[in-house]
Every structure is written in C-alpha cells, then in structure tokens.
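Coordinates as given in upload.cif (mmCIF, N, CA and C atoms):
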data_work
loop_
_atom_site.label_atom_id
_atom_site.label_comp_id
_atom_site.auth_asym_id
_atom_site.auth_seq_id
_atom_site.Cartn_x
_atom_site.Cartn_y
_atom_site.Cartn_z
N MET A 1 0.85 -1.19 0.00
CA MET A 1 0.00 0.00 0.00
C MET A 1 0.89 1.24 0.00
N ALA A 2 0.59 2.18 -0.87
CA ALA A 2 1.37 3.40 -0.99
C ALA A 2 1.13 4.31 0.22
N ASP A 3 2.13 5.12 0.51
CA ASP A 3 2.04 6.08 1.61
C ASP A 3 1.01 7.14 1.26
N GLN A 4 -0.02 7.27 2.09
CA GLN A 4 -1.11 8.21 1.84
C GLN A 4 -0.92 9.52 2.61
N THR A 5 0.25 9.74 3.19
CA THR A 5 0.51 10.92 3.99
C THR A 5 0.62 12.15 3.10
N ASP A 6 -0.13 13.18 3.44
CA ASP A 6 -0.05 14.46 2.73
C ASP A 6 0.96 15.32 3.49
N PRO A 7 2.14 15.53 2.90
CA PRO A 7 3.19 16.27 3.62
C PRO A 7 2.76 17.68 4.06
N LEU A 8 1.98 18.37 3.23
CA LEU A 8 1.54 19.71 3.59
C LEU A 8 0.64 19.66 4.82
N ALA A 9 -0.27 18.70 4.86
CA ALA A 9 -1.17 18.55 6.01
C ALA A 9 -0.39 18.23 7.27
N VAL A 10 0.59 17.36 7.16
CA VAL A 10 1.40 16.97 8.33
C VAL A 10 2.16 18.17 8.86
N VAL A 11 2.79 18.92 7.97
CA VAL A 11 3.55 20.10 8.40
C VAL A 11 2.62 21.15 8.99
N LEU A 12 1.47 21.40 8.36
CA LEU A 12 0.52 22.38 8.87
C LEU A 12 0.09 22.04 10.29
N PHE A 13 -0.37 20.81 10.50
CA PHE A 13 -0.86 20.45 11.82
C PHE A 13 0.26 20.34 12.84
N SER A 14 1.44 19.95 12.43
CA SER A 14 2.59 19.96 13.35
C SER A 14 2.85 21.37 13.84
N GLU A 15 2.83 22.33 12.93
CA GLU A 15 3.06 23.72 13.31
C GLU A 15 1.93 24.27 14.18
N VAL A 16 0.68 23.96 13.83
CA VAL A 16 -0.46 24.43 14.62
C VAL A 16 -0.40 23.85 16.03
N PHE A 17 -0.13 22.53 16.14
CA PHE A 17 -0.07 21.90 17.46
C PHE A 17 1.05 22.49 18.30
N MET A 18 2.23 22.63 17.71
CA MET A 18 3.38 23.14 18.46
C MET A 18 3.16 24.60 18.85
N ALA A 19 2.66 25.41 17.91
CA ALA A 19 2.40 26.82 18.23
C ALA A 19 1.36 26.92 19.34
N GLY A 20 0.32 26.09 19.28
CA GLY A 20 -0.70 26.10 20.31
C GLY A 20 -0.14 25.74 21.68
N GLN A 21 0.70 24.70 21.72
CA GLN A 21 1.29 24.28 22.99
C GLN A 21 2.21 25.36 23.56
N LEU A 22 3.04 25.93 22.70
CA LEU A 22 3.96 26.98 23.16
C LEU A 22 3.19 28.22 23.61
N ALA A 23 2.13 28.57 22.89
CA ALA A 23 1.31 29.74 23.27
C ALA A 23 0.64 29.51 24.62
N ARG A 24 0.07 28.31 24.81
CA ARG A 24 -0.57 27.99 26.10
C ARG A 24 0.44 28.09 27.24
N ASN A 25 1.63 27.56 27.03
CA ASN A 25 2.66 27.61 28.08
C ASN A 25 3.04 29.05 28.41
N ARG A 26 3.26 29.85 27.39
CA ARG A 26 3.69 31.23 27.61
C ARG A 26 2.59 32.04 28.29
N VAL A 27 1.36 31.89 27.81
CA VAL A 27 0.23 32.63 28.41
C VAL A 27 -0.01 32.16 29.84
N SER A 28 0.08 30.86 30.08
CA SER A 28 -0.12 30.33 31.44
C SER A 28 0.87 30.93 32.42
N ARG A 29 2.12 31.06 32.00
CA ARG A 29 3.14 31.66 32.89
C ARG A 29 2.87 33.13 33.17
N ALA A 30 2.21 33.82 32.25
CA ALA A 30 1.95 35.26 32.42
C ALA A 30 0.70 35.53 33.25
N LEU A 31 -0.16 34.53 33.40
CA LEU A 31 -1.41 34.74 34.15
C LEU A 31 -1.12 35.05 35.62
N PRO A 32 -2.01 35.81 36.26
CA PRO A 32 -1.84 36.09 37.69
C PRO A 32 -1.75 34.80 38.50
N LYS A 33 -1.03 34.85 39.59
CA LYS A 33 -0.82 33.69 40.47
C LYS A 33 -2.16 33.06 40.85
N GLY A 34 -2.24 31.75 40.67
CA GLY A 34 -3.44 31.01 41.04
C GLY A 34 -4.45 30.85 39.92
N MET A 35 -4.30 31.62 38.84
CA MET A 35 -5.25 31.50 37.73
C MET A 35 -4.69 30.53 36.69
N GLU A 36 -5.53 29.60 36.31
CA GLU A 36 -5.17 28.65 35.27
C GLU A 36 -5.74 29.13 33.94
N LEU A 37 -5.19 28.62 32.86
CA LEU A 37 -5.65 29.01 31.53
C LEU A 37 -7.13 28.67 31.35
N SER A 38 -7.56 27.53 31.89
CA SER A 38 -8.97 27.15 31.78
C SER A 38 -9.87 28.15 32.51
N HIS A 39 -9.40 28.67 33.64
CA HIS A 39 -10.18 29.67 34.39
C HIS A 39 -10.32 30.94 33.56
N PHE A 40 -9.19 31.41 33.03
CA PHE A 40 -9.23 32.62 32.21
C PHE A 40 -10.14 32.43 31.01
N SER A 41 -10.05 31.28 30.36
CA SER A 41 -10.85 31.02 29.16
C SER A 41 -12.34 31.11 29.46
N VAL A 42 -12.76 30.50 30.57
CA VAL A 42 -14.18 30.53 30.93
C VAL A 42 -14.61 31.95 31.29
N LEU A 43 -13.80 32.64 32.09
CA LEU A 43 -14.13 34.02 32.47
C LEU A 43 -14.20 34.91 31.23
N ASN A 44 -13.27 34.75 30.33
CA ASN A 44 -13.24 35.56 29.11
C ASN A 44 -14.47 35.28 28.26
N HIS A 45 -14.86 34.02 28.15
CA HIS A 45 -16.05 33.64 27.39
C HIS A 45 -17.30 34.27 28.01
N LEU A 46 -17.44 34.13 29.33
CA LEU A 46 -18.62 34.68 30.00
C LEU A 46 -18.66 36.20 29.89
N ALA A 47 -17.50 36.84 29.93
CA ALA A 47 -17.45 38.30 29.78
C ALA A 47 -17.88 38.71 28.37
N HIS A 48 -17.48 37.92 27.37
CA HIS A 48 -17.83 38.25 25.99
C HIS A 48 -19.30 38.03 25.69
N VAL A 49 -19.86 36.91 26.15
CA VAL A 49 -21.26 36.64 25.85
C VAL A 49 -22.18 37.48 26.72
N ASN A 50 -21.68 37.89 27.87
CA ASN A 50 -22.43 38.75 28.80
C ASN A 50 -23.82 38.21 29.08
N ALA A 51 -23.89 36.89 29.27
CA ALA A 51 -25.15 36.21 29.56
C ALA A 51 -24.84 34.93 30.33
N GLU A 52 -25.88 34.41 30.97
CA GLU A 52 -25.71 33.15 31.69
C GLU A 52 -25.55 32.00 30.69
N ARG A 53 -24.84 30.99 31.12
CA ARG A 53 -24.68 29.77 30.34
C ARG A 53 -24.81 28.60 31.31
N SER A 54 -25.30 27.49 30.80
CA SER A 54 -25.35 26.28 31.63
C SER A 54 -23.96 25.64 31.59
N PRO A 55 -23.62 24.83 32.60
CA PRO A 55 -22.35 24.11 32.55
C PRO A 55 -22.23 23.26 31.28
N ALA A 56 -23.34 22.67 30.84
CA ALA A 56 -23.31 21.85 29.61
C ALA A 56 -22.98 22.71 28.39
N GLN A 57 -23.55 23.90 28.32
CA GLN A 57 -23.25 24.80 27.19
C GLN A 57 -21.77 25.19 27.22
N LEU A 58 -21.24 25.46 28.40
CA LEU A 58 -19.83 25.82 28.51
C LEU A 58 -18.94 24.65 28.11
N ALA A 59 -19.28 23.45 28.57
CA ALA A 59 -18.50 22.26 28.21
C ALA A 59 -18.48 22.08 26.70
N GLU A 60 -19.64 22.27 26.08
CA GLU A 60 -19.72 22.13 24.63
C GLU A 60 -18.90 23.22 23.93
N ALA A 61 -18.97 24.44 24.42
CA ALA A 61 -18.24 25.54 23.80
C ALA A 61 -16.72 25.32 23.85
N PHE A 62 -16.25 24.67 24.92
CA PHE A 62 -14.81 24.45 25.08
C PHE A 62 -14.37 23.05 24.69
N HIS A 63 -15.31 22.23 24.21
CA HIS A 63 -14.99 20.87 23.78
C HIS A 63 -14.30 20.08 24.88
N VAL A 64 -14.87 20.17 26.09
CA VAL A 64 -14.39 19.39 27.23
C VAL A 64 -15.56 18.61 27.81
N THR A 65 -15.25 17.66 28.66
CA THR A 65 -16.32 16.89 29.29
C THR A 65 -17.06 17.76 30.30
N ARG A 66 -18.26 17.34 30.62
CA ARG A 66 -19.04 18.05 31.64
C ARG A 66 -18.31 17.99 32.99
N GLY A 67 -17.67 16.86 33.26
CA GLY A 67 -16.92 16.72 34.51
C GLY A 67 -15.77 17.71 34.60
N ALA A 68 -15.05 17.87 33.50
CA ALA A 68 -13.94 18.83 33.48
C ALA A 68 -14.47 20.25 33.69
N MET A 69 -15.58 20.58 33.05
CA MET A 69 -16.15 21.92 33.21
C MET A 69 -16.66 22.11 34.63
N THR A 70 -17.28 21.11 35.19
CA THR A 70 -17.78 21.20 36.58
C THR A 70 -16.62 21.48 37.53
N ASN A 71 -15.48 20.83 37.31
CA ASN A 71 -14.30 21.05 38.13
C ASN A 71 -13.80 22.49 38.01
N THR A 72 -13.72 23.00 36.79
CA THR A 72 -13.28 24.38 36.57
C THR A 72 -14.26 25.36 37.21
N LEU A 73 -15.54 25.13 37.03
CA LEU A 73 -16.55 26.03 37.60
C LEU A 73 -16.53 26.00 39.13
N ALA A 74 -16.27 24.85 39.72
CA ALA A 74 -16.19 24.76 41.18
C ALA A 74 -15.04 25.62 41.70
N LYS A 75 -13.91 25.59 41.01
CA LYS A 75 -12.76 26.42 41.42
C LYS A 75 -13.07 27.91 41.25
N LEU A 76 -13.73 28.25 40.14
CA LEU A 76 -14.09 29.65 39.90
C LEU A 76 -15.12 30.13 40.91
N GLU A 77 -16.07 29.27 41.27
CA GLU A 77 -17.07 29.65 42.27
C GLU A 77 -16.42 29.82 43.64
N TRP A 78 -15.51 28.93 44.00
CA TRP A 78 -14.80 29.03 45.27
C TRP A 78 -14.04 30.36 45.36
N ALA A 79 -13.46 30.78 44.24
CA ALA A 79 -12.72 32.05 44.20
C ALA A 79 -13.64 33.26 44.14
N GLY A 80 -14.94 33.03 43.97
CA GLY A 80 -15.90 34.13 43.88
C GLY A 80 -15.98 34.76 42.51
N HIS A 81 -15.45 34.07 41.48
CA HIS A 81 -15.39 34.64 40.14
C HIS A 81 -16.63 34.36 39.30
N VAL A 82 -17.44 33.37 39.71
CA VAL A 82 -18.69 33.10 39.01
C VAL A 82 -19.80 32.89 40.03
N HIS A 83 -21.01 33.13 39.58
CA HIS A 83 -22.21 32.81 40.36
C HIS A 83 -22.86 31.63 39.66
N ILE A 84 -23.22 30.62 40.45
CA ILE A 84 -23.93 29.46 39.91
C ILE A 84 -25.27 29.38 40.62
N ARG A 85 -26.33 29.41 39.82
CA ARG A 85 -27.67 29.38 40.40
C ARG A 85 -28.47 28.26 39.77
N PRO A 86 -29.48 27.77 40.50
CA PRO A 86 -30.34 26.74 39.90
C PRO A 86 -31.25 27.35 38.83
N ASP A 87 -31.66 26.52 37.91
CA ASP A 87 -32.67 26.90 36.93
C ASP A 87 -34.01 26.82 37.66
N TRP A 88 -34.71 27.92 37.72
CA TRP A 88 -35.96 27.96 38.48
C TRP A 88 -37.04 27.08 37.86
N ASP A 89 -36.92 26.78 36.56
CA ASP A 89 -37.91 25.93 35.89
C ASP A 89 -37.55 24.45 35.93
N ASP A 90 -36.27 24.14 36.07
CA ASP A 90 -35.81 22.75 36.08
C ASP A 90 -34.68 22.64 37.10
N ALA A 91 -34.99 22.16 38.28
CA ALA A 91 -34.02 22.13 39.39
C ALA A 91 -32.79 21.28 39.09
N ARG A 92 -32.85 20.45 38.06
CA ARG A 92 -31.68 19.63 37.70
C ARG A 92 -30.61 20.45 36.99
N ARG A 93 -31.00 21.58 36.43
CA ARG A 93 -30.05 22.40 35.66
C ARG A 93 -29.55 23.57 36.48
N LYS A 94 -28.40 24.11 36.05
CA LYS A 94 -27.83 25.28 36.69
C LYS A 94 -27.44 26.29 35.63
N PHE A 95 -27.27 27.53 36.08
CA PHE A 95 -26.79 28.59 35.20
C PHE A 95 -25.60 29.28 35.84
N VAL A 96 -24.65 29.66 34.99
CA VAL A 96 -23.40 30.27 35.44
C VAL A 96 -23.31 31.67 34.85
N SER A 97 -22.91 32.62 35.70
CA SER A 97 -22.64 33.98 35.22
C SER A 97 -21.36 34.48 35.86
N ILE A 98 -20.73 35.42 35.21
CA ILE A 98 -19.49 36.01 35.75
C ILE A 98 -19.86 37.02 36.83
N SER A 99 -19.09 37.02 37.91
CA SER A 99 -19.32 37.96 39.01
C SER A 99 -18.47 39.21 38.78
N PRO A 100 -18.72 40.28 39.53
CA PRO A 100 -17.84 41.45 39.44
C PRO A 100 -16.38 41.08 39.74
N SER A 101 -16.17 40.21 40.71
CA SER A 101 -14.82 39.74 41.02
C SER A 101 -14.22 38.98 39.84
N GLY A 102 -15.03 38.18 39.17
CA GLY A 102 -14.58 37.44 38.00
C GLY A 102 -14.22 38.35 36.85
N ARG A 103 -15.01 39.40 36.68
CA ARG A 103 -14.70 40.38 35.63
C ARG A 103 -13.37 41.08 35.92
N ALA A 104 -13.15 41.42 37.19
CA ALA A 104 -11.89 42.06 37.58
C ALA A 104 -10.71 41.10 37.39
N ALA A 105 -10.90 39.82 37.74
CA ALA A 105 -9.84 38.83 37.56
C ALA A 105 -9.54 38.62 36.08
N ARG A 106 -10.58 38.58 35.27
CA ARG A 106 -10.40 38.45 33.82
C ARG A 106 -9.65 39.65 33.26
N ASP A 107 -10.02 40.85 33.71
CA ASP A 107 -9.35 42.05 33.23
C ASP A 107 -7.87 42.07 33.64
N ALA A 108 -7.58 41.62 34.87
CA ALA A 108 -6.19 41.56 35.34
C ALA A 108 -5.40 40.54 34.52
N ALA A 109 -6.02 39.42 34.23
CA ALA A 109 -5.35 38.39 33.43
C ALA A 109 -5.10 38.90 32.02
N LEU A 110 -6.08 39.57 31.45
CA LEU A 110 -5.93 40.13 30.11
C LEU A 110 -4.78 41.14 30.07
N ALA A 111 -4.70 41.98 31.11
CA ALA A 111 -3.61 42.95 31.20
C ALA A 111 -2.26 42.26 31.31
N ALA A 112 -2.23 41.11 31.96
CA ALA A 112 -0.97 40.38 32.13
C ALA A 112 -0.53 39.68 30.85
N ILE A 113 -1.47 39.16 30.09
CA ILE A 113 -1.08 38.39 28.89
C ILE A 113 -0.97 39.24 27.63
N THR A 114 -1.60 40.41 27.63
CA THR A 114 -1.57 41.25 26.42
C THR A 114 -0.14 41.61 25.99
N PRO A 115 0.75 41.99 26.91
CA PRO A 115 2.12 42.28 26.47
C PRO A 115 2.83 41.07 25.86
N VAL A 116 2.57 39.89 26.38
CA VAL A 116 3.19 38.67 25.87
C VAL A 116 2.73 38.41 24.44
N VAL A 117 1.43 38.47 24.23
CA VAL A 117 0.88 38.23 22.90
C VAL A 117 1.24 39.38 21.95
N GLY A 118 1.19 40.59 22.47
CA GLY A 118 1.53 41.76 21.65
C GLY A 118 2.95 41.71 21.15
N GLU A 119 3.85 41.23 21.99
CA GLU A 119 5.26 41.11 21.60
C GLU A 119 5.41 40.17 20.39
N ILE A 120 4.66 39.10 20.39
CA ILE A 120 4.73 38.15 19.28
C ILE A 120 4.14 38.77 18.01
N VAL A 121 3.02 39.45 18.15
CA VAL A 121 2.40 40.11 16.99
C VAL A 121 3.36 41.13 16.40
N ARG A 122 4.01 41.92 17.25
CA ARG A 122 4.96 42.93 16.76
C ARG A 122 6.15 42.27 16.07
N ALA A 123 6.65 41.17 16.64
CA ALA A 123 7.81 40.48 16.06
C ALA A 123 7.47 39.86 14.70
N VAL A 124 6.31 39.27 14.58
CA VAL A 124 5.90 38.63 13.33
C VAL A 124 5.47 39.69 12.32
N GLY A 125 4.77 40.71 12.81
CA GLY A 125 4.26 41.77 11.95
C GLY A 125 2.74 41.71 11.89
N ALA A 126 2.12 42.84 12.16
CA ALA A 126 0.66 42.90 12.21
C ALA A 126 0.02 42.48 10.89
N ASP A 127 0.61 42.87 9.77
CA ASP A 127 0.04 42.52 8.47
C ASP A 127 0.05 41.01 8.24
N LYS A 128 1.15 40.34 8.63
CA LYS A 128 1.22 38.89 8.48
C LYS A 128 0.18 38.21 9.37
N VAL A 129 0.03 38.71 10.59
CA VAL A 129 -0.94 38.13 11.52
C VAL A 129 -2.35 38.30 10.96
N ARG A 130 -2.67 39.52 10.49
CA ARG A 130 -4.00 39.74 9.90
C ARG A 130 -4.23 38.80 8.72
N GLY A 131 -3.21 38.57 7.93
CA GLY A 131 -3.33 37.68 6.77
C GLY A 131 -3.54 36.23 7.17
N ALA A 132 -2.98 35.82 8.31
CA ALA A 132 -3.12 34.43 8.77
C ALA A 132 -4.47 34.16 9.42
N LEU A 133 -5.09 35.19 9.99
CA LEU A 133 -6.33 34.99 10.75
C LEU A 133 -7.46 34.33 9.95
N PRO A 134 -7.74 34.75 8.71
CA PRO A 134 -8.83 34.08 7.98
C PRO A 134 -8.58 32.58 7.79
N VAL A 135 -7.34 32.20 7.54
CA VAL A 135 -7.01 30.78 7.35
C VAL A 135 -7.19 30.03 8.66
N LEU A 136 -6.69 30.59 9.75
CA LEU A 136 -6.83 29.94 11.05
C LEU A 136 -8.29 29.83 11.46
N ARG A 137 -9.08 30.86 11.19
CA ARG A 137 -10.51 30.81 11.51
C ARG A 137 -11.22 29.73 10.70
N GLU A 138 -10.86 29.62 9.43
CA GLU A 138 -11.48 28.60 8.59
C GLU A 138 -11.12 27.20 9.07
N ILE A 139 -9.87 26.98 9.44
CA ILE A 139 -9.45 25.69 9.98
C ILE A 139 -10.21 25.40 11.28
N ARG A 140 -10.30 26.39 12.17
CA ARG A 140 -11.04 26.22 13.43
C ARG A 140 -12.50 25.86 13.16
N ALA A 141 -13.12 26.57 12.22
CA ALA A 141 -14.54 26.31 11.91
C ALA A 141 -14.72 24.88 11.38
N MET A 142 -13.81 24.45 10.52
CA MET A 142 -13.93 23.10 9.97
C MET A 142 -13.71 22.05 11.06
N LEU A 143 -12.79 22.28 11.95
CA LEU A 143 -12.53 21.33 13.04
C LEU A 143 -13.68 21.32 14.05
N GLY A 144 -14.36 22.45 14.19
CA GLY A 144 -15.45 22.55 15.15
C GLY A 144 -16.77 21.99 14.66
N GLU A 145 -16.84 21.61 13.38
CA GLU A 145 -18.10 21.12 12.81
C GLU A 145 -18.51 19.76 13.34
N ASP A 146 -17.57 18.95 13.78
CA ASP A 146 -17.90 17.61 14.25
C ASP A 146 -18.50 17.73 15.63
#

Write out the structure in this file as structure tokens.
Amino acid sequence: MADQTDPLAVVLFSEVFMAGQLARNRVSRALPKGMELSHFSVLNHLAHVNAERSPAQLAEAFHVTRGAMTNTLAKLEWAGHVHIRPDWDDARRKFVSISPSGRAARDAALAAITPVVGEIVRAVGADKVRGALPVLREIRAMLGED
C-alpha cells in the first residue's frame, strides 16, 4: 500500500499543534498567580457573551467533558469569580454567570497576557498576523463542525 501521507497537512498540523502548545505555556506563565488558563478562558467567554450559560453549554463551547467543566466552575465559584444558580424551571439544571470579582480577575489576566501576545504580533508583523487569521478561523470552523 502506498504512503497516503499528505506532507503539507502533516507540516501544517505539526506547526499548529506546536504553536498552540507553546502559546498555552507562555500565556499560562503570564497569568496572575493562582489562575489557570482554563479559568481565564471561561471568564473571558462569559465576559464576551455577557449572559448566563449552563455548565453543559460551557463544556460544549470548550470541547471538554461536563466533569472537566464542573471542576473548573467549582474552582471559579470558590474564588468568587462566578455565580452558579439553579434553573428555576428545572431544578436539575444550573446557570453560570461572571461575578464582578470574576470580571476584575479576567481584566487583570488580560492585562498580564496582552504584552506577551503583543510582543509576538509585533515580532511577526501585524500585516502577516492579519493575513493568517482568515485561514486559522477557517481551519477552526472546519474542526469545530464535528
């Protein structure tokens, strides 16, 4: 059987995976003490949507298990960064919203990571980054369809 490996696909995904891992590591180190990347991601999402979400909706949005999301939400609730309330119509469900403390923590984290990410954008060049974004968004959309 002939080798069916597409060299361009292998190189593309190798670069995407490695860049993603290195970016996560660098951003994680820049986050305020005690904040994990998963915490920042959830707080940032809730700040952007500016609406309540169920733990199941959050798990789906981040492509993680409900158990993993429940663990992250428990830590965020303990820190006072999110409010979790029961669904008044269905006691089995819950809703999550960002608290004022969570918004402040998200803003502090954003302030801490912006220089790190900005340095990379400046080094690569804003025009190159803008040019890469449509391709990266298209790849993300295609991967998110499943």

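Atom C of Gly102 (chain A) is positioned 12.4 Å from atom N of Ala51 (chain A).
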
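You will find CA of Leu37 (chain A) at 23.1 Å from atom C of Met142 (chain A).
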
Using only N, CA and C atoms, find the one residue out of A:Ile98, A:Ala126, A:Val135, A:Leu110 that sits nearest to Arg53 (chain A). A:Ile98

Set the distance at 9 Å and use only C-alpha atoms: which residues neighbour Val116 (chain A) once local chain neighbours fewer than 4 positions away are removed? I'd like the list as an MDAnalysis selection string. chainID A and resid 26:27 30 112 120

Mind the document's chain letters and residue numbers, and return as a VMD selection string the residues of region 52-134 of chain A that DSSP labels helix (DSSP H, G or I). chain A and resid 55 to 62 66 to 78 100 to 124 126 to 134

Give as a VMD selection string the residues that the PyMOL selection byres ((chain A and resi 87-95) around 6) matches when applied to the coordinates above. chain A and resid 52 to 55 83 to 86 96 to 97

Might you spell out which residues the PyMOL selection byres (((chain A and resi 113 and name CA) around 12) and name CA) would select in the displayed file, as a ChimeraX atom specification? /A:23-32,35,37,40,106-112,114-120
